[in-house]
>>> print(open('my_file-v8.cif').read())   # mmCIF, C-alpha atoms
data_input
loop_
_atom_site.label_atom_id
_atom_site.label_comp_id
_atom_site.auth_asym_id
_atom_site.auth_seq_id
_atom_site.Cartn_x
_atom_site.Cartn_y
_atom_site.Cartn_z
CA MET A 6 60.24 3.08 17.45
CA SER A 7 61.54 -0.48 16.97
CA THR A 8 60.90 -2.52 13.85
CA GLN A 9 58.76 -4.91 15.90
CA THR A 10 56.43 -2.12 17.06
CA ILE A 11 56.01 -0.85 13.51
CA HIS A 12 55.24 -4.38 12.35
CA SER A 13 52.63 -4.99 15.08
CA GLU A 14 50.98 -1.63 14.28
CA GLN A 15 50.79 -2.63 10.65
CA ILE A 16 49.08 -5.90 11.59
CA GLU A 17 46.70 -4.00 13.90
CA SER A 18 45.74 -1.70 11.03
CA GLU A 19 45.22 -4.62 8.64
CA THR A 20 43.04 -6.58 11.09
CA GLY A 21 41.12 -3.44 12.10
CA LYS A 22 40.22 -2.79 8.50
CA LEU A 23 39.37 -6.45 7.89
CA GLY A 24 36.96 -6.37 10.86
CA MET A 25 35.30 -3.26 9.44
CA TRP A 26 34.83 -4.94 6.08
CA ILE A 27 33.20 -7.97 7.71
CA PHE A 28 30.83 -5.62 9.57
CA LEU A 29 30.03 -3.85 6.28
CA PHE A 30 29.14 -7.22 4.74
CA THR A 31 26.54 -7.82 7.48
CA GLU A 32 25.14 -4.33 6.77
CA LEU A 33 24.99 -5.15 3.07
CA PHE A 34 22.88 -8.23 3.79
CA LEU A 35 20.63 -6.27 6.17
CA PHE A 36 19.69 -3.94 3.30
CA GLY A 37 20.04 -6.78 0.78
CA GLY A 38 17.16 -8.60 2.46
CA LEU A 39 14.98 -5.50 2.09
CA PHE A 40 16.02 -5.10 -1.56
CA LEU A 41 14.99 -8.70 -2.16
CA VAL A 42 11.55 -8.16 -0.54
CA TYR A 43 11.17 -5.02 -2.67
CA ALA A 44 12.14 -6.87 -5.87
CA VAL A 45 9.69 -9.74 -5.31
CA PHE A 46 6.73 -7.44 -4.43
CA ARG A 47 7.61 -5.16 -7.32
CA VAL A 48 7.21 -8.07 -9.72
CA LYS A 49 3.96 -9.11 -8.02
CA TYR A 50 2.39 -5.62 -7.83
CA SER A 51 4.18 -3.82 -10.68
CA HIS A 52 1.23 -1.53 -11.48
CA ASP A 53 0.74 -0.42 -7.85
CA PHE A 54 4.49 0.14 -7.37
CA HIS A 55 4.63 2.19 -10.56
CA HIS A 56 1.71 4.33 -9.40
CA ALA A 57 3.00 4.81 -5.83
CA ALA A 58 6.55 5.66 -6.96
CA GLU A 59 5.16 8.60 -8.93
CA GLU A 60 4.32 10.22 -5.57
CA LEU A 61 8.05 10.58 -4.86
CA ASN A 62 9.89 13.72 -5.91
CA THR A 63 12.71 12.82 -8.33
CA PHE A 64 14.35 16.23 -7.88
CA ILE A 65 14.74 15.77 -4.11
CA GLY A 66 16.04 12.23 -4.70
CA THR A 67 18.59 13.43 -7.27
CA LEU A 68 19.71 16.31 -5.04
CA ASN A 69 20.26 13.89 -2.16
CA THR A 70 22.25 11.59 -4.45
CA VAL A 71 24.53 14.51 -5.37
CA PHE A 72 24.97 15.42 -1.65
CA LEU A 73 26.02 11.87 -0.80
CA LEU A 74 28.34 11.44 -3.81
CA VAL A 75 30.15 14.71 -3.04
CA SER A 76 30.38 13.79 0.66
CA SER A 77 31.89 10.44 -0.30
CA MET A 78 34.60 12.30 -2.19
CA THR A 79 35.31 14.72 0.66
CA VAL A 80 35.67 11.89 3.18
CA ALA A 81 38.02 10.01 0.79
CA MET A 82 40.02 13.25 0.37
CA SER A 83 40.21 13.71 4.15
CA ILE A 84 42.20 10.44 4.32
CA THR A 85 44.62 11.80 1.70
CA ALA A 86 44.89 15.00 3.78
CA ILE A 87 45.70 13.16 7.01
CA GLN A 88 48.24 10.97 5.19
CA LYS A 89 49.92 14.18 3.99
CA ASN A 90 49.75 15.56 7.56
CA GLN A 91 47.43 18.42 6.51
CA LYS A 92 45.38 18.26 9.72
CA ASN A 93 43.35 21.44 9.27
CA PHE A 94 42.43 20.54 5.71
CA ALA A 95 41.37 17.05 6.88
CA ILE A 96 39.13 18.64 9.56
CA PHE A 97 37.72 21.02 6.94
CA LEU A 98 36.91 18.13 4.56
CA ILE A 99 35.25 16.08 7.33
CA SER A 100 33.20 19.15 8.34
CA ILE A 101 32.02 19.53 4.73
CA THR A 102 31.03 15.84 4.77
CA ILE A 103 29.00 16.32 7.96
CA LEU A 104 27.40 19.47 6.49
CA LEU A 105 26.34 17.55 3.35
CA ALA A 106 24.98 14.75 5.52
CA GLY A 107 22.98 17.39 7.41
CA LEU A 108 21.58 18.76 4.14
CA PHE A 109 20.63 15.21 3.13
CA MET A 110 18.73 14.79 6.41
CA LEU A 111 17.05 18.19 6.02
CA ASN A 112 15.84 17.18 2.56
CA LYS A 113 14.59 13.88 3.96
CA TYR A 114 12.75 15.77 6.70
CA PHE A 115 10.96 17.97 4.13
CA GLU A 116 10.18 14.94 1.97
CA TRP A 117 8.70 12.91 4.83
CA SER A 118 6.75 15.84 6.33
CA HIS A 119 5.26 16.55 2.90
CA LYS A 120 3.95 12.95 2.83
CA PHE A 121 2.73 13.20 6.42
CA GLN A 122 0.68 16.26 5.40
CA PHE A 123 -1.19 14.07 2.93
CA LYS A 124 -1.57 11.48 5.71
CA ILE A 125 0.71 9.01 3.96
CA TYR A 126 2.54 7.36 6.86
CA PRO A 127 2.61 3.82 8.27
CA GLY A 128 -0.69 3.00 9.97
CA SER A 129 -2.63 6.01 8.60
CA GLU A 130 -6.22 5.63 7.38
CA VAL A 131 -5.31 6.96 3.91
CA LEU A 132 -2.56 4.34 3.53
CA LYS A 133 -4.80 1.54 4.78
CA ASN A 134 -7.34 2.30 2.04
CA LEU A 135 -4.75 2.23 -0.74
CA PRO A 136 -4.39 -0.89 -2.91
CA GLN A 137 -2.25 -3.67 -1.38
CA GLY A 138 0.75 -2.99 -3.66
CA GLU A 139 0.88 0.75 -2.86
CA LEU A 140 0.63 -0.02 0.86
CA LEU A 141 3.62 -2.36 0.48
CA PHE A 142 5.55 0.25 -1.54
CA PHE A 143 5.14 2.93 1.13
CA GLY A 144 5.90 0.42 3.89
CA LEU A 145 9.16 -0.49 2.18
CA TYR A 146 9.87 3.17 1.35
CA TYR A 147 9.63 4.24 5.00
CA MET A 148 11.53 1.18 6.24
CA MET A 149 14.41 1.46 3.75
CA THR A 150 14.84 5.24 3.75
CA GLY A 151 14.33 5.32 7.55
CA LEU A 152 16.99 2.66 8.17
CA HIS A 153 19.27 4.46 5.72
CA ALA A 154 18.69 7.82 7.47
CA LEU A 155 19.63 6.14 10.78
CA HIS A 156 22.91 5.09 9.15
CA VAL A 157 23.48 8.66 7.92
CA PHE A 158 22.97 9.89 11.49
CA ILE A 159 25.42 7.31 12.92
CA GLY A 160 27.91 8.27 10.18
CA MET A 161 27.65 11.93 11.22
CA ILE A 162 28.47 10.97 14.84
CA LEU A 163 31.44 8.79 13.77
CA LEU A 164 32.85 11.58 11.58
CA SER A 165 32.43 14.14 14.40
CA ILE A 166 34.42 11.86 16.71
CA ASN A 167 37.20 11.88 14.08
CA ILE A 168 37.38 15.69 14.18
CA VAL A 169 37.91 15.52 17.96
CA LYS A 170 40.50 12.75 17.54
CA ILE A 171 42.44 14.71 14.89
CA LYS A 172 42.42 17.79 17.15
CA LYS A 173 43.67 15.70 20.09
CA GLY A 174 46.27 14.07 17.88
CA SER A 175 45.18 10.45 18.38
CA VAL A 176 44.28 10.35 14.68
CA ASN A 177 47.38 11.56 12.82
CA GLN A 178 49.63 10.97 9.82
CA HIS A 179 50.76 7.58 11.16
CA HIS A 180 47.60 6.35 12.94
CA TYR A 181 44.45 6.95 10.98
CA LEU A 182 42.64 3.59 11.13
CA HIS A 183 39.67 5.21 12.91
CA LEU A 184 39.24 7.74 10.10
CA GLU A 185 39.69 5.04 7.44
CA ASN A 186 37.01 2.83 9.04
CA SER A 187 34.61 5.74 9.51
CA GLY A 188 35.24 6.58 5.86
CA LEU A 189 34.42 2.99 4.85
CA TYR A 190 31.17 3.22 6.85
CA TRP A 191 30.33 6.52 5.15
CA HIS A 192 30.94 5.00 1.70
CA LEU A 193 28.56 2.14 2.60
CA VAL A 194 25.86 4.74 3.37
CA ASP A 195 26.52 6.15 -0.10
CA LEU A 196 26.49 2.68 -1.75
CA ILE A 197 23.09 1.83 -0.26
CA TRP A 198 21.64 5.14 -1.44
CA ILE A 199 23.03 4.51 -4.96
CA PHE A 200 20.72 1.45 -5.11
CA LEU A 201 17.79 2.98 -3.18
CA PHE A 202 17.61 6.03 -5.44
CA PRO A 203 16.80 4.26 -8.75
CA LEU A 204 14.65 1.61 -7.03
CA LEU A 205 12.38 4.12 -5.28
CA TYR A 206 12.57 7.33 -7.32
CA LEU A 207 13.46 6.43 -10.90
CA ILE A 208 11.76 3.15 -11.78
CA THR A 209 8.27 4.52 -12.27
CA MET B 4 49.21 -9.16 3.71
CA LYS B 5 51.08 -6.31 2.08
CA ASN B 6 54.15 -4.74 3.55
CA GLU B 7 54.86 -1.99 1.05
CA GLU B 8 54.38 1.74 1.66
CA THR B 9 50.76 2.93 2.07
CA HIS B 10 49.35 4.35 -1.14
CA ILE B 11 48.27 8.00 -0.99
CA SER B 12 45.54 8.83 -3.52
CA SER B 13 45.74 12.30 -5.07
CA TYR B 14 42.98 14.90 -4.62
CA THR B 15 42.65 15.12 -8.41
CA SER B 16 41.96 11.39 -8.81
CA HIS B 17 39.14 11.65 -6.24
CA ALA B 18 37.67 14.64 -8.10
CA VAL B 19 37.80 12.72 -11.41
CA VAL B 20 35.94 9.79 -9.80
CA LEU B 21 33.26 12.20 -8.49
CA ILE B 22 32.77 13.71 -11.97
CA ALA B 23 32.35 10.19 -13.42
CA LEU B 24 29.77 9.38 -10.71
CA LEU B 25 27.84 12.60 -11.38
CA ILE B 26 27.78 11.88 -15.13
CA LEU B 27 26.43 8.38 -14.42
CA THR B 28 23.75 9.88 -12.15
CA THR B 29 22.72 12.30 -14.91
CA ILE B 30 22.49 9.44 -17.44
CA SER B 31 20.44 7.38 -14.98
CA VAL B 32 17.95 10.26 -14.36
CA ALA B 33 17.75 11.07 -18.09
CA ALA B 34 17.19 7.40 -18.97
CA THR B 35 13.81 7.44 -17.17
CA GLY B 36 12.50 9.70 -19.96
CA TRP B 37 13.67 7.45 -22.77
CA HIS B 38 10.75 4.98 -22.52
CA LEU B 39 12.89 1.89 -22.65
CA GLY B 40 9.99 -0.28 -21.48
CA ALA B 41 11.14 -3.44 -19.74
CA PHE B 42 14.76 -2.29 -20.02
CA THR B 43 14.16 0.77 -17.79
CA VAL B 44 14.68 -1.31 -14.64
CA ALA B 45 17.66 -3.13 -16.14
CA ALA B 46 19.28 0.13 -17.32
CA ALA B 47 18.81 1.79 -13.91
CA LEU B 48 20.26 -1.20 -12.07
CA ILE B 49 23.21 -1.59 -14.45
CA ILE B 50 24.13 2.11 -14.01
CA ALA B 51 23.73 1.76 -10.21
CA SER B 52 26.03 -1.29 -10.24
CA ILE B 53 28.70 0.59 -12.22
CA LYS B 54 28.46 3.47 -9.70
CA VAL B 55 28.75 1.08 -6.74
CA ALA B 56 31.80 -0.63 -8.29
CA THR B 57 33.41 2.79 -8.93
CA VAL B 58 32.92 3.84 -5.28
CA ILE B 59 34.21 0.51 -3.91
CA ILE B 60 37.29 0.38 -6.15
CA ASN B 61 38.32 4.04 -5.89
CA PHE B 62 36.87 5.75 -2.79
CA MET B 63 37.05 2.64 -0.60
CA HIS B 64 40.61 2.03 -1.85
CA VAL B 65 39.98 -1.63 -2.70
CA LYS B 66 42.25 -1.00 -5.70
CA TYR B 67 45.19 -0.76 -3.28
CA GLU B 68 44.19 -3.57 -0.90
CA GLY B 69 45.75 -7.04 -0.82
CA ILE B 70 44.29 -10.02 -2.64
CA PHE B 71 42.55 -11.19 0.59
CA ILE B 72 40.22 -8.16 0.95
CA LYS B 73 39.79 -7.93 -2.84
CA SER B 74 38.56 -11.53 -3.10
CA MET B 75 36.36 -11.17 0.02
CA VAL B 76 34.60 -8.08 -1.36
CA GLY B 77 34.18 -9.72 -4.79
CA GLY B 78 32.97 -12.96 -3.21
CA VAL B 79 30.30 -11.23 -1.10
CA PHE B 80 28.84 -9.51 -4.16
CA VAL B 81 28.79 -12.80 -6.10
CA LEU B 82 27.01 -14.40 -3.11
CA PHE B 83 24.45 -11.58 -3.04
CA ALA B 84 23.83 -11.91 -6.80
CA LEU B 85 23.32 -15.66 -6.33
CA ILE B 86 20.75 -15.04 -3.56
CA ILE B 87 18.79 -12.73 -5.90
CA ILE B 88 18.99 -15.16 -8.83
CA ILE B 89 17.97 -18.20 -6.73
CA THR B 90 15.05 -16.28 -5.15
CA PHE B 91 13.72 -15.32 -8.59
CA ILE B 92 14.17 -18.83 -9.99
CA ASP B 93 12.15 -20.09 -7.00
CA TYR B 94 9.56 -17.32 -7.43
CA TYR B 95 8.98 -17.94 -11.14
CA LEU B 96 8.96 -21.74 -10.97
CA ARG B 97 6.56 -22.31 -8.11
#
>>> encode(input="my_file-v8.cif", output="structure tokens")
Amino acid sequence: MSTQTIHSEQIESETGKLGMWIFLFTELFLFGGLFLVYAVFRVKYSHDFHHAAEELNTFIGTLNTVFLLVSSMTVAMSITAIQKNQKNFAIFLISITILLAGLFMLNKYFEWSHKFQFKIYPGSEVLKNLPQGELLFFGLYYMMTGLHALHVFIGMILLSINIVKIKKGSVNQHHYLHLENSGLYWHLVDLIWIFLFPLLYLIT
Amino acid sequence: MKNEETHISSYTSHAVVLIALLILTTISVAATGWHLGAFTVAAALIIASIKVATVIINFMHVKYEGIFIKSMVGGVFVLFALIIIITFIDYYLR
């Protein structure tokens, strides 16, 4: 491989990562807007928000936080593994990440279906009769956790593609931009949850 | 942009970061029982911000990035903080 090729690959990797960061910034402002709406309504209807937040299960929220934090570590470790050319270990770590993401989604499913049982879902009669602030809290809860769950799902797909790419060899010790960018996306999913968790589950 | 060898983080360093994050999570959950009053929200958000910074610096490898990405990431968070501050100034003064 000539020096020029190595140089152009280095630039490609730098620009690829820069593009990913810019995309992550747009994602940050997508959720940032929702955080801002939450913050303003929380100040306006602090009593209702306090009351509604007590409906949420702190244990499930904490468990999901642990799942995402551990998965963030395993995806970061998978990059170390691929850099050290430990392909099988990298695949193992990514699989663990996907498994933890699956457990997060399973928990979310139980949490949402529990609320649905009590007829607390957008547009339900029970929700319509709640005070204005509680209605807003649950609206924001479903919107923010729903949008976040969609991101978890997309992250799972991106990470699965990486397993295929490592097996095929297109992601390897020298070319791992795809894994790095998927990792960055996965960390963003974790970052958003780090803020969602105290805002929805802890501040009661 | 940097030209030096790519930095390879050790498995141990990632594990240490995870332990720190789990300790912060425990503190944040425990803090809800401390009845800090108005500071409950502030405490929860400060701990969340420390956790976010830890993930960005260590797991997202910003520590090893060039000055360009470092300043962009820092700048975006300053911008976001400004948006929150300006919104609340507007909200309280109207």
>>> interface_residues(input="my_file-v8.cif", of="chain B", to="chain A", cutoff="8 Å", atoms="all atoms listed in the file", output="CSV table (one decimal) with C-alpha atoms, keeping the file's coordinate frame")
chain,number,residue,atom,x,y,z
B,4,MET,CA,49.2,-9.2,3.7
B,11,ILE,CA,48.3,8.0,-1.0
B,12,SER,CA,45.5,8.8,-3.5
B,13,SER,CA,45.7,12.3,-5.1
B,14,TYR,CA,43.0,14.9,-4.6
B,17,HIS,CA,39.1,11.6,-6.2
B,18,ALA,CA,37.7,14.6,-8.1
B,21,LEU,CA,33.3,12.2,-8.5
B,24,LEU,CA,29.8,9.4,-10.7
B,25,LEU,CA,27.8,12.6,-11.4
B,28,THR,CA,23.8,9.9,-12.2
B,31,SER,CA,20.4,7.4,-15.0
B,32,VAL,CA,18.0,10.3,-14.4
B,35,THR,CA,13.8,7.4,-17.2
B,43,THR,CA,14.2,0.8,-17.8
B,44,VAL,CA,14.7,-1.3,-14.6
B,47,ALA,CA,18.8,1.8,-13.9
B,48,LEU,CA,20.3,-1.2,-12.1
B,51,ALA,CA,23.7,1.8,-10.2
B,52,SER,CA,26.0,-1.3,-10.2
B,54,LYS,CA,28.5,3.5,-9.7
B,55,VAL,CA,28.8,1.1,-6.7
B,58,VAL,CA,32.9,3.8,-5.3
B,59,ILE,CA,34.2,0.5,-3.9
B,62,PHE,CA,36.9,5.8,-2.8
B,63,MET,CA,37.0,2.6,-0.6
B,72,ILE,CA,40.2,-8.2,1.0
B,79,VAL,CA,30.3,-11.2,-1.1
B,83,PHE,CA,24.4,-11.6,-3.0
B,87,ILE,CA,18.8,-12.7,-5.9
B,91,PHE,CA,13.7,-15.3,-8.6
B,94,TYR,CA,9.6,-17.3,-7.4
>>> atom_distance(input="my_file-v8.cif", atom1="atom CA of Phe28 of chain A", atom2="atom CA of Val76 of chain B")
11.8 Å
>>> atom_distance(input="my_file-v8.cif", atom1="atom CA of Leu98 of chain A", atom2="atom CA of Leu155 of chain A")
21.9 Å
>>> atom_distance(input="my_file-v8.cif", atom1="atom CA of Tyr181 of chain A", atom2="atom CA of Leu163 of chain A")
13.4 Å
>>> closest_residue(input="my_file-v8.cif", among="A:Gln122, A:Asn69, A:Ser129, A:Asn177", to="Asn93 of chain A", atoms="only C-alpha atoms")
A:Asn177
>>> closest_residue(input="my_file-v8.cif", among="A:Leu111, A:Leu182, A:Leu35, A:Leu61", to="Leu152 of chain A", atoms="all atoms listed in the file")
A:Leu35
>>> closest_residue(input="my_file-v8.cif", among="A:Ser187, A:Gln91, A:Ser51, A:Gln178", to="Leu164 of chain A", atoms="all atoms listed in the file")
A:Ser187
>>> axis_aligned_box(input="my_file-v8.cif", around="segment 140-143 of chain A", padding_each_side="6 Å", output="JSON")
{"center_x": 3.1, "center_y": 0.3, "center_z": -0.2, "size_x": 16.9, "size_y": 17.3, "size_z": 14.7}
>>> closest_residue(input="my_file-v8.cif", among="B:His64, B:Tyr95, B:Ile86, B:Thr57", to="Val19 of chain B", atoms="all atoms listed in the file")
B:Thr57
>>> resolve_selection(input="my_file-v8.cif", expression="the PyMOL selection byres ((chain A and resi 127) around 12)", output="list in words")
Trp117, Lys120, Phe121, Lys124, Ile125, Tyr126, Gly128, Ser129, Glu130, Val131, Leu132, Lys133, Asn134, Leu135, Glu139, Leu140, Leu141, Phe142, Phe143, Gly144, Leu145, Tyr146, Tyr147, Met148 and Gly151 of chain A
